[in-house]
Amino acid sequence: MKPLLQVAGLSKAFGGNKVLEHIDFTLGQGEILGLLGPNGSGKSTLLNAISGFTAVDAGEIMIDQRRIDRLPTDQLVGRGIARTFQLPAMPERMSVMEVVMSAGIRHHGFWSSVLPLPGARLAEREDREKAAALLDELLLTQVRDLPAAALSGGQKKLLGIACALMGSPKLLMLDEPMAGVHPNLRNEIVDTLIRLNREGLSLMIIEHDMHFIRDICHRCIVLDRGHIVATCRPDELTHNAKVLEAYLGTPAQPLPEAV
Amino acid sequence: MFDFLLHIISIAGIYALIAVGLNIQSGYAGLLNFGQIAFAGIGAYAVGIGAHLGCSPLLSIPAGMVLAMAVGLLMAGLGGKLAADYWGIATLAVAEIIRTLAFNEDWLTGGPQGISGIVMPFDAGGQRADNLLFAGVIMGLLALAAIISQRMSRRRFGRALRLMREQPQLAVCFGYQIPALKRTALVVSAALTAFAGSLLAFYTGYVSPDYLLSSESFIIWSMVMIGGLGNVYGVVAGALLVQCLYSFIPFAKDLIDINTDIAGALRLGAVGAILLACLLGRPGGLFPERLRKIP
Amino acid sequence: MLQFILDTLIRTADLALIAVGLSLVYGLVKFPNIAHVQYAMIGAFISGYLLRAGAPLWLAGVLSCALIGLLAVLLHHLVFRRLLRSGPAHGMIGALAVSMILIALVLGSAGSAPLTYALTVSRAWAWGDALISPAQIGSIAITGLLLMLFTLLLFKTSLGRSIRALAGNRELAAASGLNADAITNGVNFLSGALAALGGTLLAMNTSAYVNQGNDLLLPILAAAILGGLGNPLGAVVGALLIAATETLVISFDFSGLSWGLFSFVPVTYINAASFIILIITLLLRPYGLFHREVHRV
């Protein structure tokens, strides 16, 4: 499997607090990687570092063998990276459809918005159709004309995913996508993500929902206090002593399968 | 009476153009610019100085617009690290510096007296015909500006600005460059406002440093907030309303014999009271920005 | 040189109290209340009218401060508290609306002519080759005294601690048992009183006039921002800097530097010099000179 994302020697400290220490891992093309760990283990910081929201103190991050750790946040879309947020804040005075249409655009398009240039109308229609298709996939079509801020927490997460997909990314990073989502929607989302993965999208997902991890992830890495303590398949997690130690705090015997 | 109404329409139209310019910055992009009037003043002075030197308006108007756009870039440059309210005050300071320059450099700007005797660039035969033609031109330009502004707000650039206004973090995530968006919004607004300022100089026939007073920026803000921040047609309505107040109250002064100070107090107080009432009761303005539905 | 120092001190005294008031309130409301300078203007007028009515200067001043303090509290409750929920932009525009109404009220009742205090004019005192009038000395002395009292209040009393806590983190302070509402009222009253006092002292040396607030707006904002909004003592340093710049710009003979091309900068450039200083400072230190001031989240 060709590597898509390579992280080497990544370290980040906030003041004296070492949040990430010498993180090394690779995500292959077409892989779905789960990122697990107890609260405070550094998962969100790692995601923020890769997506350009936090500067790193040391280390390298590469997409397709090109370094991205020094790039400003707005240029990462051009490198094929998209992400969602744990608590998505959405605009109040823009409709859901408008928000999705505005995602994934790399140039602000001033002249095409003011003058009746030949390509302008076509580009606008393409955006509209792509946005409508994405909203349809994520079951948001019936709310497309509502203010984006009026959506429920779960719907906002789906909207975040739709926006992230608008830019046709190579790597999609999801920050706790299942939290707050209605159980009925869960399977639809899992199916959508798996289908997108088969079409070539790679995923890195922070999640606590173990069923979700088992349903979708090819591989998991587990963080504890800024270090990677385990890399394994989802079904191996409950047997891994390091993982249990991270979550439960003391060395423990492997728990029975029923857990 | 007809001449008076024509006058109000012309002045209101020019101020509405400036308000449309401010709306692009503050309504769509959420920028708190309190020095907007600097752009109008530059446009007015460009025409005045040009007339003084014998230049054609075809030269002086674009020159004013270019200079205003440069000042707009300067203001955008200040915006990089500043929080919104600090930036607002910095723009106020920039406008005040320009006013001080206009006040002092009389070799260029005519000093406190300004420049007068600016004639309209056309002659339709007679004062009233001139005024009528000018009013028609202003209305036409206003309609054009409003339609283009509305169209822009519904398309990519408008969406980009509004996203930056409400969720800048999301905008960055989607790949927009915030400084570039701010620069473009400011430069576009500056060009439009300078053009309106040039029209004002032609219409009134003179330009003075009083055009650049901070109170003028505040009046434009009143028009925009009362009319409807983010809604270009609301903003135009707000401009008309405030200008009517500003013009009719001194008119009443002649009718019912109140002194100048009280007339001045009444119109300032009326605008302030309506503005406050809007802010407290109807924060979106008389015609709030509505959700734009995509077909 | 002595004249320069005296002129700087006089101008600092003009600005300091009002700037401190503005900075103090910013800590609470998190936006620059541009109506604050109008409080100074109205305070000057009220003192003037009370003087004309026969009150002694000290009483006129005290009553004016009390009335404007109350006005500040009232306006906070009626207007600013509600606007804050919509964000600092609405706060600033609301302050603008309030300013317009206040100016209109004064213009309508007092007219556009300046109101002088009609105090006995005494001769200026000479000190070396510098001149200063007793009224100006009074201004500087009262300002200095009040700033000292204010510093003591802010750092040595529990009320001062509470004010600083509230400015730092409102929710936390309220949760730890501070009576946020009472302190807010107190701070508003104090800032209004300071503004009124500053306006009165200013008018004592010149006159009270309706545009006084507008003329003060940018220098006061510049002083408060230089010191860092929310840092009241920083505002004093800001006022000093603005005053020094202004005095320097108009007193300095530039003919040596410019090969005799021009000697003195025109008086009307005074303010422009301060604003350029402000803009340069903001470019280098976006939150003012003293970084310890309140940051909005």
# chains A, B, ... in the order shown; residues from 1 in each chain; ligands from 1
>>> select_by_dssp(residues="region 101-247 of chain A", states="helix (DSSP H, G or I)", output="number ranges by chain")
A: 101-102, 110-114, 118-137, 141-143, 148-150, 153-166, 183-198, 210-216, 234-239, 241-247
>>> residues_around(residues="region 97-106 of chain A", least_positions_apart="5", cutoff="6 Å", atoms="only C-alpha atoms", output="PyMOL selection string")
(chain A and resi 127+131+144+163+166-167) or (chain B and resi 174-175)
>>> residues_around(residues="region 146-152 of chain C", least_positions_apart="4", cutoff="10 Å", atoms="only C-alpha atoms", output="MDAnalysis selection string")
chainID C and resid 16:17 20 140:142 156:157 160 190 194 197 232:233 236
>>> write_last_selection(atoms="N, CA, C and O atoms", output="PDB file, in the first residue's frame")
ATOM      1  N   ALA C  16      -6.011  62.143  30.986  1.00  0.00           N
ATOM      2  CA  ALA C  16      -5.816  60.934  31.791  1.00  0.00           C
ATOM      3  C   ALA C  16      -7.084  60.399  32.433  1.00  0.00           C
ATOM      4  O   ALA C  16      -7.409  59.217  32.301  1.00  0.00           O
ATOM      5  N   LEU C  17      -7.822  61.268  33.127  1.00  0.00           N
ATOM      6  CA  LEU C  17      -8.974  60.759  33.865  1.00  0.00           C
ATOM      7  C   LEU C  17     -10.006  60.135  32.926  1.00  0.00           C
ATOM      8  O   LEU C  17     -10.571  59.080  33.215  1.00  0.00           O
ATOM      9  N   VAL C  20      -8.751  56.814  31.574  1.00  0.00           N
ATOM     10  CA  VAL C  20      -8.831  55.764  32.591  1.00  0.00           C
ATOM     11  C   VAL C  20     -10.250  55.226  32.676  1.00  0.00           C
ATOM     12  O   VAL C  20     -10.489  54.016  32.729  1.00  0.00           O
ATOM     13  N   ILE C 140      -3.692  69.662  37.260  1.00  0.00           N
ATOM     14  CA  ILE C 140      -2.663  68.625  37.391  1.00  0.00           C
ATOM     15  C   ILE C 140      -2.712  68.017  38.780  1.00  0.00           C
ATOM     16  O   ILE C 140      -2.644  66.784  38.942  1.00  0.00           O
ATOM     17  N   ALA C 141      -2.869  68.877  39.789  1.00  0.00           N
ATOM     18  CA  ALA C 141      -2.866  68.369  41.162  1.00  0.00           C
ATOM     19  C   ALA C 141      -4.050  67.446  41.416  1.00  0.00           C
ATOM     20  O   ALA C 141      -3.901  66.343  41.965  1.00  0.00           O
ATOM     21  N   ILE C 142      -5.235  67.902  41.014  1.00  0.00           N
ATOM     22  CA  ILE C 142      -6.421  67.075  41.257  1.00  0.00           C
ATOM     23  C   ILE C 142      -6.325  65.762  40.499  1.00  0.00           C
ATOM     24  O   ILE C 142      -6.645  64.686  41.028  1.00  0.00           O
ATOM     25  N   LYS C 156      -5.270  47.968  46.427  1.00  0.00           N
ATOM     26  CA  LYS C 156      -5.160  47.719  47.863  1.00  0.00           C
ATOM     27  C   LYS C 156      -6.475  47.379  48.527  1.00  0.00           C
ATOM     28  O   LYS C 156      -6.509  47.039  49.696  1.00  0.00           O
ATOM     29  N   THR C 157      -7.588  47.555  47.807  1.00  0.00           N
ATOM     30  CA  THR C 157      -8.854  47.244  48.476  1.00  0.00           C
ATOM     31  C   THR C 157      -9.451  45.984  47.870  1.00  0.00           C
ATOM     32  O   THR C 157      -9.113  45.574  46.780  1.00  0.00           O
ATOM     33  N   GLY C 160     -11.290  46.755  44.705  1.00  0.00           N
ATOM     34  CA  GLY C 160     -10.399  46.817  43.548  1.00  0.00           C
ATOM     35  C   GLY C 160     -10.068  45.422  43.021  1.00  0.00           C
ATOM     36  O   GLY C 160     -10.047  45.186  41.815  1.00  0.00           O
ATOM     37  N   LEU C 190     -18.172  54.898  38.635  1.00  0.00           N
ATOM     38  CA  LEU C 190     -16.823  55.458  38.782  1.00  0.00           C
ATOM     39  C   LEU C 190     -16.323  56.018  37.452  1.00  0.00           C
ATOM     40  O   LEU C 190     -15.782  57.130  37.386  1.00  0.00           O
ATOM     41  N   LEU C 194     -15.373  59.851  36.671  1.00  0.00           N
ATOM     42  CA  LEU C 194     -14.053  60.248  36.201  1.00  0.00           C
ATOM     43  C   LEU C 194     -14.162  61.075  34.921  1.00  0.00           C
ATOM     44  O   LEU C 194     -13.458  62.073  34.751  1.00  0.00           O
ATOM     45  N   LEU C 197     -15.402  64.529  35.794  1.00  0.00           N
ATOM     46  CA  LEU C 197     -14.343  65.306  36.433  1.00  0.00           C
ATOM     47  C   LEU C 197     -13.331  65.776  35.401  1.00  0.00           C
ATOM     48  O   LEU C 197     -12.930  66.946  35.384  1.00  0.00           O
ATOM     49  N   PRO C 232      -6.418  50.220  33.132  1.00  0.00           N
ATOM     50  CA  PRO C 232      -6.645  51.640  33.426  1.00  0.00           C
ATOM     51  C   PRO C 232      -5.364  52.428  33.662  1.00  0.00           C
ATOM     52  O   PRO C 232      -5.230  53.563  33.229  1.00  0.00           O
ATOM     53  N   LEU C 233      -4.422  51.806  34.359  1.00  0.00           N
ATOM     54  CA  LEU C 233      -3.190  52.562  34.609  1.00  0.00           C
ATOM     55  C   LEU C 233      -2.369  52.692  33.333  1.00  0.00           C
ATOM     56  O   LEU C 233      -1.677  53.683  33.133  1.00  0.00           O
ATOM     57  N   VAL C 236      -3.108  55.812  31.608  1.00  0.00           N
ATOM     58  CA  VAL C 236      -2.406  57.015  32.078  1.00  0.00           C
ATOM     59  C   VAL C 236      -1.106  57.179  31.290  1.00  0.00           C
ATOM     60  O   VAL C 236      -0.768  58.271  30.832  1.00  0.00           O
TER      61      VAL C 236
END
>>> interface_residues(of="chain B", to="chain C", cutoff="7 Å", atoms="only C-alpha atoms", output="PyMOL selection string")
chain B and resi 32+78+81-82+85+90+93+97+100+261-262+265-266+268-269+272-273+275-276+279-280
>>> closest_residue(among="B:Phe157, B:Tyr86, B:Tyr45, B:Phe2", to="chain A", atoms="only C-alpha atoms")
B:Phe157
>>> atom_distance(atom1="CA of His77 (chain C)", atom2="CA of Arg164 (chain C)")
20.6 Å
>>> interface_residues(of="chain A", to="chain B", cutoff="7 Å", atoms="only C-alpha atoms", output="PyMOL selection string")
chain A and resi 73-75+77+90-91+93-95+97+102-110+113-114+145
>>> residues_around(residues="region 105-110 of chain B", least_positions_apart="6", cutoff="10 Å", atoms="only C-alpha atoms", output="ChimeraX atom specification")
/B:45-46,48-49,52,116,207-209
>>> residues_around(residues="Ile163 (chain C)", least_positions_apart="5", cutoff="8 Å", atoms="only C-alpha atoms", output="ChimeraX atom specification")
/C:154,183,187
>>> residues_around(residues="Val181 (chain A)", least_positions_apart="4", cutoff="12 Å", atoms="only C-alpha atoms", output="MDAnalysis selection string")
chainID A and resid 86 138 151:159 176:177 185:190 209
>>> write_last_selection(atoms="N, CA and C atoms", output="JSON list (two decimals), in the first residue's frame")
[["chain", "number", "residue", "atom", "x", "y", "z"],
["A", 86, "GLN", "N", -15.24, 18.48, 16.05],
["A", 86, "GLN", "CA", -16.00, 17.77, 17.08],
["A", 86, "GLN", "C", -17.28, 18.52, 17.40],
["A", 138, "LEU", "N", -25.87, 12.43, 2.39],
["A", 138, "LEU", "CA", -25.82, 12.50, 3.85],
["A", 138, "LEU", "C", -27.17, 12.81, 4.46],
["A", 151, "LEU", "N", -29.49, 23.62, 12.57],
["A", 151, "LEU", "CA", -29.48, 22.17, 12.55],
["A", 151, "LEU", "C", -29.17, 21.60, 13.92],
["A", 152, "SER", "N", -29.56, 20.34, 14.12],
["A", 152, "SER", "CA", -29.21, 19.68, 15.37],
["A", 152, "SER", "C", -27.73, 19.34, 15.34],
["A", 153, "GLY", "N", -27.20, 18.99, 16.50],
["A", 153, "GLY", "CA", -25.77, 18.69, 16.60],
["A", 153, "GLY", "C", -25.34, 17.60, 15.64],
["A", 154, "GLY", "N", -26.16, 16.55, 15.56],
["A", 154, "GLY", "CA", -25.82, 15.45, 14.66],
["A", 154, "GLY", "C", -25.87, 15.87, 13.20],
["A", 155, "GLN", "N", -26.89, 16.67, 12.87],
["A", 155, "GLN", "CA", -27.00, 17.13, 11.49],
["A", 155, "GLN", "C", -25.82, 18.03, 11.12],
["A", 156, "LYS", "N", -25.37, 18.84, 12.10],
["A", 156, "LYS", "CA", -24.23, 19.72, 11.82],
["A", 156, "LYS", "C", -22.99, 18.89, 11.51],
["A", 157, "LYS", "N", -22.86, 17.76, 12.19],
["A", 157, "LYS", "CA", -21.71, 16.90, 11.92],
["A", 157, "LYS", "C", -21.76, 16.37, 10.49],
["A", 158, "LEU", "N", -22.97, 15.97, 10.08],
["A", 158, "LEU", "CA", -23.12, 15.48, 8.71],
["A", 158, "LEU", "C", -22.83, 16.58, 7.71],
["A", 159, "LEU", "N", -23.27, 17.78, 8.05],
["A", 159, "LEU", "CA", -22.98, 18.93, 7.20],
["A", 159, "LEU", "C", -21.49, 19.13, 7.10],
["A", 176, "GLU", "N", -14.54, 12.61, 15.98],
["A", 176, "GLU", "CA", -15.72, 12.06, 16.66],
["A", 176, "GLU", "C", -16.99, 12.24, 15.85],
["A", 177, "PRO", "N", -17.08, 11.62, 14.69],
["A", 177, "PRO", "CA", -18.24, 11.82, 13.83],
["A", 177, "PRO", "C", -19.53, 11.22, 14.37],
["A", 185, "LEU", "N", -29.21, 7.05, 11.80],
["A", 185, "LEU", "CA", -28.37, 7.56, 10.74],
["A", 185, "LEU", "C", -27.04, 6.84, 10.65],
["A", 186, "ARG", "N", -26.71, 6.20, 11.75],
["A", 186, "ARG", "CA", -25.37, 5.65, 11.89],
["A", 186, "ARG", "C", -25.01, 4.72, 10.76],
["A", 187, "ASN", "N", -25.88, 3.80, 10.47],
["A", 187, "ASN", "CA", -25.56, 2.81, 9.45],
["A", 187, "ASN", "C", -25.42, 3.45, 8.09],
["A", 188, "GLU", "N", -26.28, 4.45, 7.81],
["A", 188, "GLU", "CA", -26.18, 5.16, 6.53],
["A", 188, "GLU", "C", -24.80, 5.77, 6.39],
["A", 189, "ILE", "N", -24.35, 6.40, 7.49],
["A", 189, "ILE", "CA", -23.05, 7.08, 7.42],
["A", 189, "ILE", "C", -21.93, 6.07, 7.22],
["A", 190, "VAL", "N", -22.01, 4.97, 7.96],
["A", 190, "VAL", "CA", -20.99, 3.94, 7.82],
["A", 190, "VAL", "C", -20.95, 3.45, 6.38],
["A", 209, "ASP", "N", -16.60, 5.34, 19.88],
["A", 209, "ASP", "CA", -17.63, 4.33, 19.66],
["A", 209, "ASP", "C", -16.98, 3.07, 19.08]]
>>> residues_around(residues="Tyr39 (chain C)", least_positions_apart="3", cutoff="10 Å", atoms="only C-alpha atoms", output="PyMOL selection string")
chain C and resi 18+34-36+42-45+65+68-69+71-72+99+102-103+191-199+213
>>> select_by_dssp(residues="region 87-242 of chain A", states="strand (DSSP E)", output="PyMOL selection string")
chain A and resi 171-175+202-206+219-224+227-232
>>> write_last_selection(atoms="C-alpha atoms", output="CSV table (one decimal), in the first residue's frame")
chain,number,residue,atom,x,y,z
A,171,LEU,CA,-7.6,12.2,3.0
A,172,LEU,CA,-10.6,13.0,5.2
A,173,MET,CA,-10.1,13.3,8.9
A,174,LEU,CA,-13.1,13.0,11.2
A,175,ASP,CA,-13.2,14.2,14.8
A,202,SER,CA,-8.5,7.5,2.8
A,203,LEU,CA,-9.9,8.2,6.3
A,204,MET,CA,-8.5,9.0,9.7
A,205,ILE,CA,-11.1,8.9,12.4
A,206,ILE,CA,-11.0,9.9,16.0
A,219,ARG,CA,-6.3,-0.4,11.5
A,220,CYS,CA,-6.1,1.5,14.8
A,221,ILE,CA,-3.5,3.4,16.6
A,222,VAL,CA,-3.9,4.2,20.3
A,223,LEU,CA,-2.5,7.2,22.0
A,224,ASP,CA,-1.8,7.6,25.7
A,227,HIS,CA,2.7,8.5,22.9
A,228,ILE,CA,1.5,5.8,20.5
A,229,VAL,CA,1.1,2.8,22.7
A,230,ALA,CA,-0.4,0.3,20.3
A,231,THR,CA,-1.0,-0.2,16.6
A,232,CYS,CA,-3.4,-3.1,15.8
>>> atom_distance(atom1="CA of Asp14 (chain C)", atom2="CA of Ala243 (chain C)")
9.0 Å
>>> atom_distance(atom1="CA of Gly284 (chain B)", atom2="CA of Gly238 (chain B)")
12.0 Å
